[in-house]
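Working notes, beginning with the structure itself.
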Amino acid sequence: MSEPNDLSRRNALKAVSSGFGYLAFAALATEQARASNPLEVKEPHFESKAKRVIFLSMRGAPSHVDTFDYKPQLTQDTGKVGKYGGTGRLLGSPWEFRQRGDSGLWISDLFPELSKQADELCLLRGMHCDQPNHPQATTQTHTGNFQFPRPSMGAWTLYGLGTENENLPGFIVLNPSPGDSGNYASSFLPAIYQGTKMKAGGRSRGGFAQNMMRANTSNQPGRTRRGMQSGMNGDRRRRYAESRMGMSGGMDASMQQRPFGRPFRDQFAGRDDSAIPNLTNRMLDPDLQRIQLDLIQNLNQNKLDRDGHQPQVEGMIESFELAYRMQSEMPEAIDLSDESQDTLELYGINGSGTDDFGRQCLMARRLAERGVRFIECVSPGWDHHRNLRDEMDDHCSQIDQPIAGLLQDLKQRGLLDETLVIWAGEFGRTPHAQNGDGRDHNNKGYTTWMAGGGVRGGFSYGATDEHGYEAVEGKCHIHDWHATILHLLGLDHEKLTYRYAGRDFRLTDVYGSVISEIVG
């Protein structure tokens, strides 16, 4: 047996980095890891119509009979007893409906700007789902299941197609509601496919996009910026770098000559910290961050090697790497200051009631341009059990100009044909009144719409009964809706599966049929 200090050349080759065999294995493992990148672009099952999705999610369930489902008989029968009796009387829409565009789609006066894009819209007027309660119906709209946690359709899309930009998350949710994480989670899919939440406008210090514009358009004399001085001092940073790099003889010349952190800090010197919280590291420059991250990743990998299958650890490793890469591209992606004034006006970004959702829609376009596969924009507060006339008018005015601007902008840039835009709430509302001037929940019949991405524009599919209580023609269950969305993306909903707990799961469970009539 060799003495502890007997370090012959043979022993050194055996011991250092576990020998040459280990080095060869490490190189092969690295190449394999690169080849098995879970976010790499994947071939669809067949030629796709759409490359990406922008989902405009109206939380609270907007009334279909006041927006896109024209019911003249309901107006005529206002005040009569409804289909299910009770105290609620039928309530015709307070807003006029008109035929819009060359296609003549019936759309209410609540959407004067969106109506100008009528020939791009494909209305699904025969929608129905399983539950009339908000939490369950919202979960089913996103995941296909209202009972148990399941992967969201954004996660399934990312799992099936990968992402076109490795420096940005492939699935982003803008302004999600509190407690909403289950609706953009990956569940049993690998954690790398879950949605990344972001704020974009108006809430909590203005959101990412609003603060970014302020930071880049305002002078900030005398501002105290956090930097290296508030963190480690120079000696500690150098000792840290040496310990991480295993340099017994100190750093190489290039690192010794570099002023630690200053180039990176100067690069972001004019940017307000609140623009992108925690995205840019003002204590360490990219090279030192890489050293720090390698240490953490080695610890994570050691745990993964010991424990075997650990989805949480795998997700953490991948998310750390993605967060590091995001620093190079995310600041520019969400910076609206380089948009022209005409573009800002197009989206209604002018300090009025359209400002918040306009920022979401504009950011969605910017993210779509940069290869993000699935973007969800959230508009809350559509649960109108009372004060329908005031609140419905207010909410529609907030989204009308931004959505119209989004469709027009995508079309002008040649992106609409390959971008599937979806508008939907979790269900509809009753044709009879509640609380005098409101409407109750209705899951048996409602309207959603799609635009671009290979759907037939200026087209209406399905219908509810004469009052709008339930779907009677061209019925489209939420499973059919999901199957159609995946089909437009080039994915067969019956083949897009994941093995878990002894069975193959899919977004549509064991149901669903593609609504081929709406495919252009």
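Each chain in the structure tokens gets a letter, A, B, ..., in the order shown, and its residues are numbered from 1; ligands are numbered from 1 in order too.
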TODO: Identify all residues of region 306-487 of chain A in helix (DSSP H, G or I) (DSSP on the backbone) and supply them as a PyMOL selection string.
DONE: chain A and resi 306-307+311-333+336-338+341-346+355-369+388-412+416-418+478-487
For C-alpha atoms, I'd like the residues from the last selection saved as an mmCIF file, in the first residue's frame.
data_model
loop_
_atom_site.group_PDB
_atom_site.id
_atom_site.type_symbol
_atom_site.label_atom_id
_atom_site.label_comp_id
_atom_site.auth_asym_id
_atom_site.auth_seq_id
_atom_site.Cartn_x
_atom_site.Cartn_y
_atom_site.Cartn_z
ATOM 1 C CA ARG A 306 -26.912 9.655 -4.956
ATOM 2 C CA ASP A 307 -30.704 9.711 -5.044
ATOM 3 C CA PRO A 311 -37.461 15.537 -10.786
ATOM 4 C CA GLN A 312 -37.222 18.494 -8.401
ATOM 5 C CA VAL A 313 -33.423 18.474 -8.479
ATOM 6 C CA GLU A 314 -33.360 17.973 -12.244
ATOM 7 C CA GLY A 315 -35.716 20.913 -12.638
ATOM 8 C CA MET A 316 -33.583 23.053 -10.344
ATOM 9 C CA ILE A 317 -30.433 22.283 -12.344
ATOM 10 C CA GLU A 318 -32.130 23.186 -15.611
ATOM 11 C CA SER A 319 -33.804 26.303 -14.210
ATOM 12 C CA PHE A 320 -30.494 27.622 -12.834
ATOM 13 C CA GLU A 321 -28.902 27.253 -16.256
ATOM 14 C CA LEU A 322 -31.858 28.932 -17.955
ATOM 15 C CA ALA A 323 -31.793 31.812 -15.459
ATOM 16 C CA TYR A 324 -28.100 32.350 -16.186
ATOM 17 C CA ARG A 325 -28.723 32.436 -19.939
ATOM 18 C CA MET A 326 -31.744 34.730 -19.566
ATOM 19 C CA GLN A 327 -29.484 37.582 -18.488
ATOM 20 C CA SER A 328 -28.231 37.967 -22.037
ATOM 21 C CA GLU A 329 -31.612 38.281 -23.752
ATOM 22 C CA MET A 330 -34.504 38.852 -21.357
ATOM 23 C CA PRO A 331 -33.691 42.527 -20.558
ATOM 24 C CA GLU A 332 -33.898 43.435 -24.230
ATOM 25 C CA ALA A 333 -36.941 41.231 -24.854
ATOM 26 C CA LEU A 336 -40.590 48.426 -24.599
ATOM 27 C CA SER A 337 -38.621 51.676 -24.847
ATOM 28 C CA ASP A 338 -37.456 50.871 -28.373
ATOM 29 C CA GLN A 341 -44.996 55.864 -30.376
ATOM 30 C CA ASP A 342 -47.315 54.601 -33.131
ATOM 31 C CA THR A 343 -46.863 51.038 -31.885
ATOM 32 C CA LEU A 344 -47.550 52.033 -28.286
ATOM 33 C CA GLU A 345 -50.722 53.818 -29.384
ATOM 34 C CA LEU A 346 -51.745 50.791 -31.430
ATOM 35 C CA ASP A 355 -52.388 50.503 -20.613
ATOM 36 C CA ASP A 356 -51.974 47.386 -18.465
ATOM 37 C CA PHE A 357 -53.339 44.799 -20.882
ATOM 38 C CA GLY A 358 -51.744 46.660 -23.781
ATOM 39 C CA ARG A 359 -48.323 46.073 -22.207
ATOM 40 C CA GLN A 360 -49.103 42.392 -21.836
ATOM 41 C CA CYS A 361 -50.122 42.081 -25.485
ATOM 42 C CA LEU A 362 -47.094 44.009 -26.746
ATOM 43 C CA MET A 363 -44.754 41.956 -24.598
ATOM 44 C CA ALA A 364 -46.452 38.795 -25.895
ATOM 45 C CA ARG A 365 -45.656 39.881 -29.453
ATOM 46 C CA ARG A 366 -42.023 40.598 -28.540
ATOM 47 C CA LEU A 367 -41.652 37.220 -26.846
ATOM 48 C CA ALA A 368 -43.304 35.452 -29.785
ATOM 49 C CA GLU A 369 -40.856 37.148 -32.164
ATOM 50 C CA LEU A 388 -73.172 43.966 -15.494
ATOM 51 C CA ARG A 389 -73.695 47.166 -17.463
ATOM 52 C CA ASP A 390 -70.910 49.079 -15.747
ATOM 53 C CA GLU A 391 -68.357 46.337 -15.115
ATOM 54 C CA MET A 392 -68.734 44.534 -18.441
ATOM 55 C CA ASP A 393 -68.305 47.775 -20.330
ATOM 56 C CA ASP A 394 -65.254 48.655 -18.236
ATOM 57 C CA HIS A 395 -63.522 45.286 -18.667
ATOM 58 C CA CYS A 396 -64.167 45.102 -22.405
ATOM 59 C CA SER A 397 -62.814 48.617 -22.906
ATOM 60 C CA GLN A 398 -59.585 47.551 -21.153
ATOM 61 C CA ILE A 399 -58.865 44.720 -23.603
ATOM 62 C CA ASP A 400 -60.541 45.853 -26.845
ATOM 63 C CA GLN A 401 -57.799 48.117 -28.227
ATOM 64 C CA PRO A 402 -54.874 45.960 -27.003
ATOM 65 C CA ILE A 403 -56.195 42.759 -28.602
ATOM 66 C CA ALA A 404 -57.090 44.523 -31.843
ATOM 67 C CA GLY A 405 -53.613 46.051 -31.865
ATOM 68 C CA LEU A 406 -51.998 42.671 -31.246
ATOM 69 C CA LEU A 407 -53.802 41.056 -34.194
ATOM 70 C CA GLN A 408 -53.024 43.982 -36.484
ATOM 71 C CA ASP A 409 -49.366 44.087 -35.421
ATOM 72 C CA LEU A 410 -48.868 40.350 -35.844
ATOM 73 C CA LYS A 411 -50.427 40.548 -39.306
ATOM 74 C CA GLN A 412 -48.268 43.516 -40.360
ATOM 75 C CA LEU A 416 -50.220 36.007 -37.555
ATOM 76 C CA ASP A 417 -50.282 33.092 -39.991
ATOM 77 C CA GLU A 418 -47.900 31.131 -37.762
ATOM 78 C CA ILE A 478 -62.814 21.377 -23.714
ATOM 79 C CA HIS A 479 -61.097 18.104 -24.778
ATOM 80 C CA ASP A 480 -62.020 18.829 -28.419
ATOM 81 C CA TRP A 481 -60.709 22.370 -27.971
ATOM 82 C CA HIS A 482 -57.360 21.069 -26.675
ATOM 83 C CA ALA A 483 -57.140 18.424 -29.419
ATOM 84 C CA THR A 484 -57.682 21.132 -32.048
ATOM 85 C CA ILE A 485 -55.062 23.466 -30.556
ATOM 86 C CA LEU A 486 -52.469 20.676 -30.551
ATOM 87 C CA HIS A 487 -53.461 19.706 -34.104
#
TODO: For Ser93 (chain A), work out the shell of residues within 10 Å, counting only C-alpha atoms and skipping chain neighbours fewer than 3 positions away, then give it as a list in words.
DONE: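 In the requested form, the answer reads Ser63, His64, Val65, Asp66, Thr67, Tyr70, Lys71, Pro72, Leu74, Thr75, Thr78, Leu90, Glu96, Phe97, Ser108, Leu388, Arg389 and Pro431 of chain A.
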Mind writing the picked residues with all heavy atoms as a tab-separated table (two decimals), in the first residue's frame?
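The result, written out as selection.tsv:
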chain	number	residue	atom	x	y	z
A	63	SER	N	-69.38	37.06	-20.29
A	63	SER	CA	-70.69	36.65	-20.82
A	63	SER	C	-70.64	36.52	-22.34
A	63	SER	O	-70.31	37.47	-23.05
A	63	SER	CB	-71.75	37.68	-20.43
A	63	SER	OG	-72.95	37.46	-21.15
A	64	HIS	N	-70.99	35.34	-22.83
A	64	HIS	CA	-71.00	35.12	-24.28
A	64	HIS	C	-72.18	35.82	-24.95
A	64	HIS	O	-72.07	36.31	-26.07
A	64	HIS	CB	-71.05	33.62	-24.59
A	64	HIS	CG	-72.20	32.88	-24.00
A	64	HIS	ND1	-72.37	32.76	-22.64
A	64	HIS	CD2	-73.26	32.24	-24.57
A	64	HIS	CE1	-73.47	32.05	-22.39
A	64	HIS	NE2	-74.03	31.73	-23.54
A	65	VAL	N	-73.33	35.92	-24.24
A	65	VAL	CA	-74.52	36.52	-24.86
A	65	VAL	C	-74.43	38.04	-24.92
A	65	VAL	O	-75.31	38.69	-25.51
A	65	VAL	CB	-75.80	36.08	-24.12
A	65	VAL	CG1	-76.02	34.58	-24.26
A	65	VAL	CG2	-75.76	36.50	-22.66
A	66	ASP	N	-73.38	38.61	-24.34
A	66	ASP	CA	-73.18	40.06	-24.42
A	66	ASP	C	-71.99	40.42	-25.30
A	66	ASP	O	-71.70	41.62	-25.46
A	66	ASP	CB	-72.96	40.64	-23.02
A	66	ASP	CG	-74.19	40.53	-22.14
A	66	ASP	OD1	-75.25	41.05	-22.55
A	66	ASP	OD2	-74.09	39.90	-21.08
A	67	THR	N	-71.32	39.43	-25.85
A	67	THR	CA	-70.08	39.71	-26.60
A	67	THR	C	-70.09	39.14	-28.01
A	67	THR	O	-70.11	39.88	-28.99
A	67	THR	CB	-68.87	39.16	-25.83
A	67	THR	OG1	-69.10	37.77	-25.50
A	67	THR	CG2	-68.62	39.95	-24.54
A	70	TYR	N	-74.83	36.33	-30.57
A	70	TYR	CA	-76.00	37.19	-30.80
A	70	TYR	C	-77.29	36.39	-30.59
A	70	TYR	O	-77.52	35.39	-31.26
A	70	TYR	CB	-75.93	37.74	-32.21
A	70	TYR	CG	-77.08	38.64	-32.60
A	70	TYR	CD1	-77.59	39.59	-31.72
A	70	TYR	CD2	-77.65	38.54	-33.87
A	70	TYR	CE1	-78.63	40.43	-32.09
A	70	TYR	CE2	-78.69	39.37	-34.25
A	70	TYR	CZ	-79.18	40.31	-33.36
A	70	TYR	OH	-80.21	41.13	-33.73
A	71	LYS	N	-78.14	36.90	-29.68
A	71	LYS	CA	-79.39	36.22	-29.36
A	71	LYS	C	-80.57	37.20	-29.41
A	71	LYS	O	-81.02	37.73	-28.40
A	71	LYS	CB	-79.30	35.58	-27.96
A	71	LYS	CG	-78.27	34.48	-27.84
A	71	LYS	CD	-78.60	33.31	-28.76
A	71	LYS	CE	-77.51	32.27	-28.79
A	71	LYS	NZ	-77.78	31.22	-29.81
A	72	PRO	N	-81.09	37.45	-30.61
A	72	PRO	CA	-82.23	38.37	-30.71
A	72	PRO	C	-83.46	37.87	-29.97
A	72	PRO	O	-84.24	38.68	-29.45
A	72	PRO	CB	-82.48	38.46	-32.22
A	72	PRO	CG	-81.83	37.25	-32.81
A	72	PRO	CD	-80.67	36.93	-31.93
A	74	LEU	N	-83.48	36.30	-27.15
A	74	LEU	CA	-83.27	36.63	-25.73
A	74	LEU	C	-83.71	38.07	-25.47
A	74	LEU	O	-84.37	38.35	-24.45
A	74	LEU	CB	-81.80	36.43	-25.36
A	74	LEU	CG	-81.39	36.82	-23.94
A	74	LEU	CD1	-82.13	35.98	-22.91
A	74	LEU	CD2	-79.88	36.65	-23.76
A	75	THR	N	-83.37	38.96	-26.37
A	75	THR	CA	-83.79	40.35	-26.21
A	75	THR	C	-85.30	40.47	-26.27
A	75	THR	O	-85.93	41.19	-25.47
A	75	THR	CB	-83.15	41.22	-27.31
A	75	THR	OG1	-81.73	41.11	-27.22
A	75	THR	CG2	-83.56	42.67	-27.17
A	78	THR	N	-86.96	39.22	-22.96
A	78	THR	CA	-86.50	39.83	-21.70
A	78	THR	C	-87.66	39.96	-20.71
A	78	THR	O	-88.75	40.43	-21.08
A	78	THR	CB	-85.89	41.20	-21.97
A	78	THR	OG1	-84.69	41.04	-22.72
A	78	THR	CG2	-85.55	41.92	-20.66
A	90	LEU	N	-85.21	36.31	-17.80
A	90	LEU	CA	-84.34	36.48	-18.96
A	90	LEU	C	-83.95	37.94	-19.12
A	90	LEU	O	-84.75	38.85	-18.92
A	90	LEU	CB	-85.05	35.99	-20.23
A	90	LEU	CG	-85.32	34.48	-20.31
A	90	LEU	CD1	-86.12	34.15	-21.56
A	90	LEU	CD2	-84.02	33.69	-20.28
A	96	GLU	N	-75.90	46.56	-28.40
A	96	GLU	CA	-76.30	46.20	-29.75
A	96	GLU	C	-75.26	45.27	-30.38
A	96	GLU	O	-74.06	45.39	-30.14
A	96	GLU	CB	-76.43	47.46	-30.62
A	96	GLU	CG	-77.58	48.37	-30.23
A	96	GLU	CD	-78.93	47.77	-30.55
A	96	GLU	OE1	-79.01	46.98	-31.53
A	96	GLU	OE2	-79.90	48.08	-29.84
A	97	PHE	N	-75.75	44.35	-31.20
A	97	PHE	CA	-74.90	43.50	-32.01
A	97	PHE	C	-74.98	43.96	-33.46
A	97	PHE	O	-76.04	44.37	-33.93
A	97	PHE	CB	-75.34	42.03	-31.92
A	97	PHE	CG	-74.81	41.30	-30.72
A	97	PHE	CD1	-75.32	41.56	-29.45
A	97	PHE	CD2	-73.83	40.34	-30.85
A	97	PHE	CE1	-74.85	40.88	-28.34
A	97	PHE	CE2	-73.35	39.65	-29.74
A	97	PHE	CZ	-73.86	39.92	-28.48
A	108	SER	N	-70.77	42.31	-30.62
A	108	SER	CA	-71.46	43.41	-29.94
A	108	SER	C	-70.64	44.70	-29.96
A	108	SER	O	-69.44	44.70	-30.24
A	108	SER	CB	-71.79	43.02	-28.50
A	108	SER	OG	-70.72	43.33	-27.63
A	388	LEU	N	-73.63	44.42	-14.18
A	388	LEU	CA	-73.17	43.97	-15.49
A	388	LEU	C	-72.91	45.13	-16.44
A	388	LEU	O	-71.88	45.17	-17.12
A	388	LEU	CB	-74.21	43.03	-16.11
A	388	LEU	CG	-73.89	42.48	-17.50
A	388	LEU	CD1	-72.75	41.48	-17.43
A	388	LEU	CD2	-75.13	41.82	-18.12
A	389	ARG	N	-73.83	46.08	-16.50
A	389	ARG	CA	-73.69	47.17	-17.46
A	389	ARG	C	-72.42	47.98	-17.25
A	389	ARG	O	-71.72	48.32	-18.21
A	389	ARG	CB	-74.93	48.07	-17.39
A	389	ARG	CG	-76.20	47.46	-17.98
A	389	ARG	CD	-77.41	48.32	-17.73
A	389	ARG	NE	-78.60	47.80	-18.40
A	389	ARG	CZ	-79.38	46.84	-17.90
A	389	ARG	NH1	-79.07	46.29	-16.73
A	389	ARG	NH2	-80.44	46.41	-18.57
A	431	PRO	N	-78.27	33.26	-19.49
A	431	PRO	CA	-79.12	34.26	-20.16
A	431	PRO	C	-80.08	34.96	-19.20
A	431	PRO	O	-80.55	36.06	-19.50
A	431	PRO	CB	-79.90	33.44	-21.19
A	431	PRO	CG	-79.09	32.18	-21.38
A	431	PRO	CD	-78.47	31.91	-20.04
Open item on the list: Let me make sure I understand: among A:Ala118, A:Thr87, A:Gly512, A:Ser181, which one has the smallest atom-to-atom distance to Gly101 (chain A) if we use only C-alpha atoms?
Closed with: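 For Gly101 (chain A), the nearest of the candidates is A:Ala118.
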Open item on the list: Taking only C-alpha atoms into account, name the residue in A:Phe505, A:Thr138, A:Asn302, A:Leu161 that is nearest to Met58 (chain A).
Closed with: A:Thr138
Arg89 (chain A) surroundings by only C-alpha atoms, 7 Å radius, close-in-sequence under 4 positions cut, as a compact mmCIF listing (two decimals) with all heavy atoms, in the first residue's frame:
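Listed below is the output, selection-v1.txt:
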# COMPACT_ATOMS: atom_id res chain seq x y z
N GLY A 79 -87.42 39.54 -19.47
CA GLY A 79 -88.43 39.62 -18.42
C GLY A 79 -89.21 38.34 -18.23
O GLY A 79 -89.89 38.17 -17.20
N LYS A 80 -89.13 37.41 -19.18
CA LYS A 80 -89.84 36.14 -19.06
C LYS A 80 -89.05 35.17 -18.18
O LYS A 80 -87.86 35.36 -17.94
CB LYS A 80 -90.07 35.52 -20.43
CG LYS A 80 -90.98 36.33 -21.33
CD LYS A 80 -91.20 35.61 -22.66
CE LYS A 80 -92.13 36.40 -23.57
NZ LYS A 80 -92.35 35.73 -24.88
N VAL A 81 -89.73 34.12 -17.71
CA VAL A 81 -89.08 33.09 -16.90
C VAL A 81 -88.10 32.31 -17.78
O VAL A 81 -88.42 31.95 -18.93
CB VAL A 81 -90.11 32.15 -16.29
CG1 VAL A 81 -89.42 31.01 -15.52
CG2 VAL A 81 -91.05 32.91 -15.36
N GLY A 82 -86.92 32.04 -17.26
CA GLY A 82 -85.91 31.33 -18.02
C GLY A 82 -86.16 29.84 -18.11
O GLY A 82 -87.13 29.30 -17.57
N HIS A 432 -80.38 34.34 -18.07
CA HIS A 432 -81.24 35.01 -17.09
C HIS A 432 -80.40 35.86 -16.14
O HIS A 432 -79.21 35.64 -15.96
CB HIS A 432 -82.09 33.99 -16.31
CG HIS A 432 -81.30 33.02 -15.50
ND1 HIS A 432 -81.07 31.72 -15.89
CD2 HIS A 432 -80.67 33.16 -14.28
CE1 HIS A 432 -80.34 31.10 -14.98
NE2 HIS A 432 -80.09 31.94 -13.99
N ALA A 433 -81.07 36.81 -15.54
CA ALA A 433 -80.39 37.78 -14.68
C ALA A 433 -80.15 37.22 -13.29
O ALA A 433 -80.86 36.32 -12.82
CB ALA A 433 -81.20 39.06 -14.60
Task: Expected answer as JSON, numbers by chain: strand (DSSP E or B) residues in region 25-228 of chain A - done: {"A": [52, 53, 54, 55, 56, 57, 58, 81, 89, 90, 97, 98, 99, 100, 105, 106, 107, 108, 121, 122, 123, 124, 125, 126, 127, 128, 171, 172, 173, 174, 196, 197, 198]}
Which neighbours of Ser460 (chain A) fall inside 10 Å, counting only C-alpha atoms, when residues of the same chain fewer than 5 positions from it are skipped, and could you give them as a PDB file with N, CA, C and O atoms, in the first residue's frame?
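Writing the result to result-v6.pdb gives the following:
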ATOM      1  N   PHE A  68     -70.107  37.801 -28.134  1.00  0.00           N
ATOM      2  CA  PHE A  68     -69.931  37.170 -29.446  1.00  0.00           C
ATOM      3  C   PHE A  68     -71.058  36.222 -29.840  1.00  0.00           C
ATOM      4  O   PHE A  68     -70.989  35.614 -30.911  1.00  0.00           O
ATOM      5  N   ASP A  69     -72.081  36.067 -29.008  1.00  0.00           N
ATOM      6  CA  ASP A  69     -73.167  35.127 -29.308  1.00  0.00           C
ATOM      7  C   ASP A  69     -74.488  35.907 -29.381  1.00  0.00           C
ATOM      8  O   ASP A  69     -75.170  36.124 -28.370  1.00  0.00           O
ATOM      9  N   SER A 103     -67.048  39.202 -43.615  1.00  0.00           N
ATOM     10  CA  SER A 103     -67.643  37.915 -43.222  1.00  0.00           C
ATOM     11  C   SER A 103     -69.007  38.082 -42.570  1.00  0.00           C
ATOM     12  O   SER A 103     -69.784  37.131 -42.522  1.00  0.00           O
ATOM     13  N   GLY A 104     -69.284  39.252 -42.027  1.00  0.00           N
ATOM     14  CA  GLY A 104     -70.580  39.484 -41.399  1.00  0.00           C
ATOM     15  C   GLY A 104     -70.752  38.835 -40.043  1.00  0.00           C
ATOM     16  O   GLY A 104     -71.889  38.576 -39.615  1.00  0.00           O
ATOM     17  N   LEU A 105     -69.661  38.581 -39.327  1.00  0.00           N
ATOM     18  CA  LEU A 105     -69.782  38.001 -37.993  1.00  0.00           C
ATOM     19  C   LEU A 105     -70.515  38.968 -37.062  1.00  0.00           C
ATOM     20  O   LEU A 105     -70.249  40.166 -37.052  1.00  0.00           O
ATOM     21  N   TRP A 106     -71.416  38.409 -36.254  1.00  0.00           N
ATOM     22  CA  TRP A 106     -72.137  39.218 -35.278  1.00  0.00           C
ATOM     23  C   TRP A 106     -71.267  39.419 -34.029  1.00  0.00           C
ATOM     24  O   TRP A 106     -70.911  38.474 -33.347  1.00  0.00           O
ATOM     25  N   LEU A 121     -61.134  36.431 -37.128  1.00  0.00           N
ATOM     26  CA  LEU A 121     -61.619  35.661 -35.980  1.00  0.00           C
ATOM     27  C   LEU A 121     -62.359  34.401 -36.412  1.00  0.00           C
ATOM     28  O   LEU A 121     -63.128  34.411 -37.384  1.00  0.00           O
ATOM     29  N   CYS A 122     -62.149  33.340 -35.660  1.00  0.00           N
ATOM     30  CA  CYS A 122     -62.910  32.095 -35.808  1.00  0.00           C
ATOM     31  C   CYS A 122     -63.650  31.871 -34.495  1.00  0.00           C
ATOM     32  O   CYS A 122     -63.038  31.522 -33.476  1.00  0.00           O
ATOM     33  N   LEU A 123     -64.958  32.099 -34.491  1.00  0.00           N
ATOM     34  CA  LEU A 123     -65.761  32.007 -33.274  1.00  0.00           C
ATOM     35  C   LEU A 123     -66.209  30.569 -33.040  1.00  0.00           C
ATOM     36  O   LEU A 123     -66.767  29.927 -33.938  1.00  0.00           O
ATOM     37  N   LEU A 124     -65.979  30.070 -31.839  1.00  0.00           N
ATOM     38  CA  LEU A 124     -66.456  28.737 -31.433  1.00  0.00           C
ATOM     39  C   LEU A 124     -67.615  28.954 -30.468  1.00  0.00           C
ATOM     40  O   LEU A 124     -67.424  29.176 -29.276  1.00  0.00           O
ATOM     41  N   ARG A 125     -68.842  28.892 -31.002  1.00  0.00           N
ATOM     42  CA  ARG A 125     -70.019  29.263 -30.230  1.00  0.00           C
ATOM     43  C   ARG A 125     -70.711  28.071 -29.578  1.00  0.00           C
ATOM     44  O   ARG A 125     -71.752  28.249 -28.939  1.00  0.00           O
ATOM     45  N   GLY A 126     -70.130  26.910 -29.700  1.00  0.00           N
ATOM     46  CA  GLY A 126     -70.737  25.711 -29.104  1.00  0.00           C
ATOM     47  C   GLY A 126     -69.885  25.101 -28.001  1.00  0.00           C
ATOM     48  O   GLY A 126     -69.944  23.894 -27.749  1.00  0.00           O
ATOM     49  N   TRP A 449     -62.787  32.206 -29.028  1.00  0.00           N
ATOM     50  CA  TRP A 449     -62.393  32.400 -30.420  1.00  0.00           C
ATOM     51  C   TRP A 449     -60.894  32.181 -30.607  1.00  0.00           C
ATOM     52  O   TRP A 449     -60.122  32.225 -29.660  1.00  0.00           O
ATOM     53  N   GLY A 474     -72.688  21.860 -33.353  1.00  0.00           N
ATOM     54  CA  GLY A 474     -71.235  21.991 -33.399  1.00  0.00           C
ATOM     55  C   GLY A 474     -70.618  22.039 -32.011  1.00  0.00           C
ATOM     56  O   GLY A 474     -69.766  22.883 -31.732  1.00  0.00           O
ATOM     57  N   GLU A 517     -63.459  21.325 -39.052  1.00  0.00           N
ATOM     58  CA  GLU A 517     -64.182  22.346 -39.811  1.00  0.00           C
ATOM     59  C   GLU A 517     -63.573  23.742 -39.682  1.00  0.00           C
ATOM     60  O   GLU A 517     -63.778  24.592 -40.557  1.00  0.00           O
ATOM     61  N   ILE A 518     -62.852  24.003 -38.602  1.00  0.00           N
ATOM     62  CA  ILE A 518     -62.306  25.352 -38.401  1.00  0.00           C
ATOM     63  C   ILE A 518     -60.873  25.484 -38.921  1.00  0.00           C
ATOM     64  O   ILE A 518     -60.312  26.580 -38.910  1.00  0.00           O
TER      65      ILE A 518
END
